[in-house]
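Student: Next up is a structure, given as structure tokens.
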Amino acid sequence: MRQLVALSFDCAGWSRTPRQCSGVRCRHGDDQLADFLAHSDILVCLLPLTATTHGILNSALFNQLLHGAALVQAGRGPQLNHDDLLLALESGQLRAAVIDVTDPEPLPPSHPFWRHPAIWLTQHIASQTQNESAIVALLDNLRRYQRGEPLHGLIDRSRGY
């Protein structure tokens, strides 16, 4: 997101809980999702897969976006309703979609996403672990553990991420 802000893109984000990101209009919670979507020209989904986000990318959500918006799906495969995406593209509600994750993965050869002119499929490459930063994070957490301090990046199993 920092790169987009640095290039003067108008950026907004939505999360379940409040966040602060410099240069980004942050929205949170169910009551702010509709406002976030209503002003989104390109929706990038990076959400974790939880009971709440399973199937979230569907007609109800697509219809809240600006007409002709685009979707980048790099979250989790089960978040996307394939039939609803195809309907949104055919109606013009969405102009394009870049899909990095699918369910199932890989898609069967006969799946319509392979042939759709407004869908770009990527090879589940939205992010890759950077060895140098991963080692720094690992060593930092190891030192925290040795000192009896809270670790960074722990999963809250009650939230699902």
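Each chain in the structure tokens gets a letter, A, B, ..., in the order shown, and its residues are numbered from 1; ligands are numbered from 1 in order too.
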Residues near Leu151 of chain A, anyone? I mean within 7 Å using only C-alpha atoms, not counting same-chain ones fewer than 4 positions away, as number ranges by chain.
Tutor: A: 141, 144-145
Student: I need the strand (DSSP E or B) residues of segment 19-129 of chain A per DSSP on the backbone, written as a list in words.
Tutor: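 Listing strand (DSSP E or B) positions across segment 19-129 of chain A yields Val24, Arg25, Cys26, Arg27, His28, Ile42, Leu43, Val44, Cys45, Leu57, Ala69, Ala70, Leu71, Val72, Gln73, Leu80, Leu94, Arg95, Ala96, Ala97, Val98, Ile99, Ile119, Trp120 and Leu121 of chain A.
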Student: Output the selection as a short mmCIF file (atom, residue, chain, number, x, y, z; two decimals), in the first residue's frame - C-alpha atoms for each residue.
Tutor:
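Written output follows (again38.cif):
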```
data_model
loop_
_atom_site.label_atom_id
_atom_site.label_comp_id
_atom_site.auth_asym_id
_atom_site.auth_seq_id
_atom_site.Cartn_x
_atom_site.Cartn_y
_atom_site.Cartn_z
CA VAL A 24 -5.04 5.66 3.55
CA ARG A 25 -8.68 6.32 4.41
CA CYS A 26 -9.30 3.47 6.83
CA ARG A 27 -12.75 1.97 7.40
CA HIS A 28 -13.61 -0.88 9.72
CA ILE A 42 -10.47 -1.34 -7.74
CA LEU A 43 -11.12 -3.77 -4.90
CA VAL A 44 -8.11 -5.76 -3.73
CA CYS A 45 -9.08 -8.61 -1.42
CA LEU A 57 -16.95 -11.87 -2.85
CA ALA A 69 -15.06 -1.55 -10.86
CA ALA A 70 -12.33 -4.18 -11.00
CA LEU A 71 -11.44 -6.98 -8.59
CA VAL A 72 -8.06 -8.32 -7.54
CA GLN A 73 -8.52 -11.52 -5.52
CA LEU A 80 -14.98 -15.92 -4.24
CA LEU A 94 -17.25 -5.39 -12.89
CA ARG A 95 -14.97 -4.59 -15.84
CA ALA A 96 -12.18 -7.02 -15.00
CA ALA A 97 -10.83 -9.43 -12.42
CA VAL A 98 -7.34 -10.61 -11.55
CA ILE A 99 -7.58 -13.90 -9.69
CA ILE A 119 -10.31 -12.46 -16.20
CA TRP A 120 -6.58 -12.74 -15.70
CA LEU A 121 -5.50 -15.82 -13.75
#
```
Student: List the neighbours of segment 30-40 of chain A out to 6 Å using only C-alpha atoms; skip same-chain residues closer than 3 positions along the sequence, and give me the result as a ChimeraX atom specification.
Tutor: /A:27,64-66
Student: Just checking: using only C-alpha atoms, which residue out of A:Asn63, A:Ser158, A:Thr102, A:Thr17 ends up closest to Thr122 of chain A?
Tutor: A:Thr102
Student: Could you work out how far atom CA of Asp100 of chain A lies from atom CA of His67 of chain A, giving the answer in Å with one decimal?
Tutor: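 Interatomic distance here is 22.5 Å.
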Student: Can you pull out every residue within 8 Å of Val101 of chain A, counting only C-alpha atoms, but drop anything in the same chain fewer than 5 positions away, and send it as JSON, numbers by chain?
Tutor: {"A": [73, 74, 75, 76, 77, 122, 123, 124]}
Student: Run DSSP on the backbone of this structure and report the residues of segment 2-43 of chain A it assigns to helix (DSSP H, G or I), as a list in words.
Tutor: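 Restricting segment 2-43 of chain A to helix (DSSP H, G or I) produces Arg2, Gln3, Leu4, Val5, Ala6, Asp30, Asp31, Gln32, Leu33, Ala34, Asp35, Phe36, Leu37 and Ala38 of chain A.
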Student: Include N, CA and C atoms and write out the residues we just selected as a tab-separated table (two decimals), in the first residue's frame.
Tutor:
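File part_12.tsv, as written:
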```
chain	number	residue	atom	x	y	z
A	2	ARG	N	2.02	1.16	0.68
A	2	ARG	CA	2.90	2.34	0.75
A	2	ARG	C	3.32	2.79	-0.65
A	3	GLN	N	3.57	1.83	-1.55
A	3	GLN	CA	3.98	2.20	-2.91
A	3	GLN	C	2.85	2.93	-3.64
A	4	LEU	N	1.61	2.50	-3.44
A	4	LEU	CA	0.48	3.15	-4.09
A	4	LEU	C	0.29	4.57	-3.56
A	5	VAL	N	0.40	4.74	-2.26
A	5	VAL	CA	0.28	6.07	-1.66
A	5	VAL	C	1.41	6.97	-2.19
A	6	ALA	N	2.63	6.43	-2.27
A	6	ALA	CA	3.77	7.21	-2.77
A	6	ALA	C	3.57	7.65	-4.22
A	30	ASP	N	-18.54	-3.92	10.15
A	30	ASP	CA	-19.65	-4.14	9.22
A	30	ASP	C	-20.37	-2.86	8.83
A	31	ASP	N	-20.49	-1.92	9.78
A	31	ASP	CA	-21.24	-0.70	9.49
A	31	ASP	C	-20.52	0.25	8.54
A	32	GLN	N	-19.22	0.05	8.29
A	32	GLN	CA	-18.48	0.92	7.38
A	32	GLN	C	-18.12	0.24	6.06
A	33	LEU	N	-18.48	-1.02	5.91
A	33	LEU	CA	-18.14	-1.75	4.68
A	33	LEU	C	-18.84	-1.17	3.46
A	34	ALA	N	-20.13	-0.88	3.57
A	34	ALA	CA	-20.88	-0.37	2.41
A	34	ALA	C	-20.30	0.95	1.90
A	35	ASP	N	-19.93	1.85	2.81
A	35	ASP	CA	-19.33	3.13	2.40
A	35	ASP	C	-17.99	2.90	1.70
A	36	PHE	N	-17.20	1.99	2.25
A	36	PHE	CA	-15.92	1.66	1.63
A	36	PHE	C	-16.13	1.14	0.21
A	37	LEU	N	-17.05	0.20	0.05
A	37	LEU	CA	-17.31	-0.39	-1.27
A	37	LEU	C	-17.85	0.63	-2.26
A	38	ALA	N	-18.73	1.51	-1.80
A	38	ALA	CA	-19.37	2.50	-2.68
A	38	ALA	C	-18.38	3.45	-3.32
```
Student: Find the residues near Arg159 of chain A: any atom within 12 Å, counting only C-alpha atoms, skip ones fewer than 3 places away on the same chain, and give them as a PyMOL selection string.
Tutor: chain A and resi 16-17+48-53+154-156
Student: Would you export the selected residues with C-alpha atoms as a PDB file, in the first residue's frame, please?
Tutor:
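Final output, saved to again00.pdb:
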```
ATOM      1  CA  ARG A  16     -12.699  -5.947  10.751  1.00  0.00           C
ATOM      2  CA  THR A  17     -11.064  -3.827  13.455  1.00  0.00           C
ATOM      3  CA  PRO A  48      -7.988 -14.070   5.749  1.00  0.00           C
ATOM      4  CA  LEU A  49     -10.418 -16.951   5.355  1.00  0.00           C
ATOM      5  CA  THR A  50     -12.845 -17.065   8.263  1.00  0.00           C
ATOM      6  CA  ALA A  51     -16.488 -18.034   8.664  1.00  0.00           C
ATOM      7  CA  THR A  52     -17.318 -14.361   7.992  1.00  0.00           C
ATOM      8  CA  THR A  53     -15.214 -14.004   4.836  1.00  0.00           C
ATOM      9  CA  LEU A 154       0.610 -14.950  16.802  1.00  0.00           C
ATOM     10  CA  ILE A 155      -2.644 -16.354  15.456  1.00  0.00           C
ATOM     11  CA  ASP A 156      -5.780 -15.658  17.480  1.00  0.00           C
TER      12      ASP A 156
END
```
